[in-house]
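A.B. asks: Take a look at upload-v4.cif, mmCIF, C-alpha atoms:
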```
data_target
loop_
_atom_site.group_PDB
_atom_site.id
_atom_site.type_symbol
_atom_site.label_atom_id
_atom_site.label_comp_id
_atom_site.auth_asym_id
_atom_site.auth_seq_id
_atom_site.Cartn_x
_atom_site.Cartn_y
_atom_site.Cartn_z
ATOM 1 C CA MET B 1 -25.533 32.019 7.176
ATOM 2 C CA PHE B 2 -27.089 33.338 3.948
ATOM 3 C CA HIS B 3 -28.074 36.618 5.628
ATOM 4 C CA LYS B 4 -24.506 37.105 6.884
ATOM 5 C CA VAL B 5 -22.982 36.458 3.451
ATOM 6 C CA PHE B 6 -25.510 38.790 1.853
ATOM 7 C CA THR B 7 -24.971 41.676 4.292
ATOM 8 C CA GLU B 8 -21.183 41.321 4.437
ATOM 9 C CA GLN B 9 -20.427 40.556 0.789
ATOM 10 C CA SER B 10 -23.338 40.952 -1.624
ATOM 11 C CA LEU B 11 -24.849 44.148 -0.244
ATOM 12 C CA PRO B 12 -21.538 46.059 -0.228
ATOM 13 C CA MET B 13 -20.925 44.838 -3.786
ATOM 14 C CA LEU B 14 -24.344 46.074 -4.902
ATOM 15 C CA ASN B 15 -23.623 49.414 -3.215
ATOM 16 C CA ARG B 16 -20.284 49.687 -5.066
ATOM 17 C CA TRP B 17 -22.214 49.271 -8.314
ATOM 18 C CA GLY B 18 -24.700 51.977 -7.335
ATOM 19 C CA VAL B 19 -27.667 49.618 -7.076
ATOM 20 C CA ASN B 20 -30.403 51.145 -4.921
ATOM 21 C CA VAL B 21 -31.475 48.356 -2.576
ATOM 22 C CA VAL B 22 -34.856 49.183 -1.042
ATOM 23 C CA ASP B 23 -35.303 46.095 1.134
ATOM 24 C CA TYR B 24 -34.000 42.592 1.688
ATOM 25 C CA GLY B 25 -34.497 39.738 4.089
ATOM 26 C CA PHE B 26 -36.135 36.434 4.730
ATOM 27 C CA SER B 27 -39.765 35.864 3.815
ATOM 28 C CA LEU B 28 -42.267 36.297 6.615
ATOM 29 C CA ILE B 29 -44.068 33.196 5.351
ATOM 30 C CA ASP B 30 -41.225 30.889 4.334
ATOM 31 C CA ASP B 31 -37.906 31.055 6.186
ATOM 32 C CA ALA B 32 -36.211 29.275 3.290
ATOM 33 C CA SER B 33 -36.921 32.206 0.918
ATOM 34 C CA PHE B 34 -35.065 35.516 0.723
ATOM 35 C CA HIS B 35 -36.159 38.693 -1.061
ATOM 36 C CA LEU B 36 -34.149 41.518 -2.601
ATOM 37 C CA ILE B 37 -35.972 44.638 -3.793
ATOM 38 C CA ARG B 38 -34.094 47.114 -5.970
ATOM 39 C CA THR B 39 -35.292 50.278 -7.641
ATOM 40 C CA TYR B 40 -34.312 51.897 -10.922
ATOM 41 C CA ASP B 41 -35.279 55.133 -12.631
ATOM 42 C CA ASN B 42 -36.607 53.295 -15.668
ATOM 43 C CA VAL B 43 -36.383 50.050 -17.616
ATOM 44 C CA VAL B 44 -33.417 51.237 -19.670
ATOM 45 C CA GLN B 45 -31.412 52.088 -16.545
ATOM 46 C CA ARG B 46 -32.342 48.730 -15.003
ATOM 47 C CA GLN B 47 -31.156 46.841 -18.074
ATOM 48 C CA GLN B 48 -27.897 48.805 -18.290
ATOM 49 C CA SER B 49 -27.208 48.366 -14.573
ATOM 50 C CA GLN B 50 -27.840 44.647 -14.691
ATOM 51 C CA ASP B 51 -25.840 44.180 -17.905
ATOM 52 C CA ASP B 52 -22.890 46.024 -16.340
ATOM 53 C CA PHE B 53 -23.137 44.164 -13.025
ATOM 54 C CA TYR B 54 -23.674 40.644 -14.334
ATOM 55 C CA GLY B 55 -21.145 41.189 -17.126
ATOM 56 C CA SER B 56 -18.408 42.187 -14.706
ATOM 57 C CA ASP B 57 -15.735 39.966 -13.197
ATOM 58 C CA GLU B 58 -17.134 40.761 -9.758
#
```
Would you put the structure from the file into structure tokens?
C.D. replies:
Amino acid sequence: MFHKVFTEQSLPMLNRWGVNVVDYGFSLIDDASFHLIRTYDNVVQRQQSQDDFYGSDE
């Protein structure tokens, strides 16, 4: 269920915001854990991207 919600709702939302998602999925060790790896050009860009995203109504 979580994977479906992520791929159908969260991932498209991250793409709309221009977030570069490198990888995502369930842990190979613990099937109750999920990872999301994003990449940014630098710390300043990461902070601005996250401020914009988390500060939005979306």
A.B. asks: For a test of reading the model, state the distance in Å between CA of Trp17 (chain B) and CA of Asp52 (chain B), rounded to one decimal.
C.D. replies: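 Between these atoms lies a distance of 8.7 Å.
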A.B. asks: Provide an axis-aligned box for all listed atoms of region 24-36 of chain B, padding each side by 8 Å; report its centre and its edge lengths in Å to one decimal, as lines of an AutoDock Vina configuration file.
C.D. replies:
```
center_x = -39.0
center_y = 35.9
center_z = 2.0
size_x = 26.1
size_y = 29.3
size_z = 25.2
```
A.B. asks: Record the distance separating CA of Phe34 (chain B) and CA of His3 (chain B), expressed in Å with one decimal.
C.D. replies: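 Pair CA of Phe34 (chain B) / CA of His3 (chain B) returns 8.6 Å.
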A.B. asks: List as a list in words the protein and nucleic acid residues near Leu36 (chain B), meaning an atom at most 10 Å away when all atoms listed in the file are counted, but skip any in the same chain fewer than 6 places from it.
C.D. replies: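 The filter keeps Leu11, Val21, Val22, Asp23, Tyr24, Gly25 and Phe26 of chain B.
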A.B. asks: For Arg16 (chain B), work out the shell of residues within 12 Å, counting only C-alpha atoms and skipping chain neighbours fewer than 6 positions away, then give it as a ChimeraX atom specification.
C.D. replies: /B:9-10,49,53,58
A.B. asks: Quick one: residues within 10 Å of Gln50 (chain B), all atoms listed in the file counted, chain neighbours fewer than 6 positions away excluded, as an MDAnalysis selection string?
C.D. replies: chainID B and resid 17 19 44 56
A.B. asks: Under the rule that all atoms listed in the file are counted, which of B:Gly55, B:Phe2, B:Tyr40, B:Asp31 is the nearest residue to Gly18 (chain B)?
C.D. replies: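 Looking at the shortest contact to Gly18 (chain B), the residue is B:Tyr40.
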A.B. asks: What does the distance from CA of Met13 (chain B) to CA of Asn42 (chain B) come to in Å, to one decimal?
C.D. replies: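 Between CA of Met13 (chain B) and CA of Asn42 (chain B) the gap is 21.4 Å.
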A.B. asks: Find, counting only C-alpha atoms, the residue in B:Asp51, B:Leu14, B:Asp57, B:Val5 that gets nearest to Arg38 (chain B).
C.D. replies: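 Among the listed residues, B:Leu14 lies closest to Arg38 (chain B).
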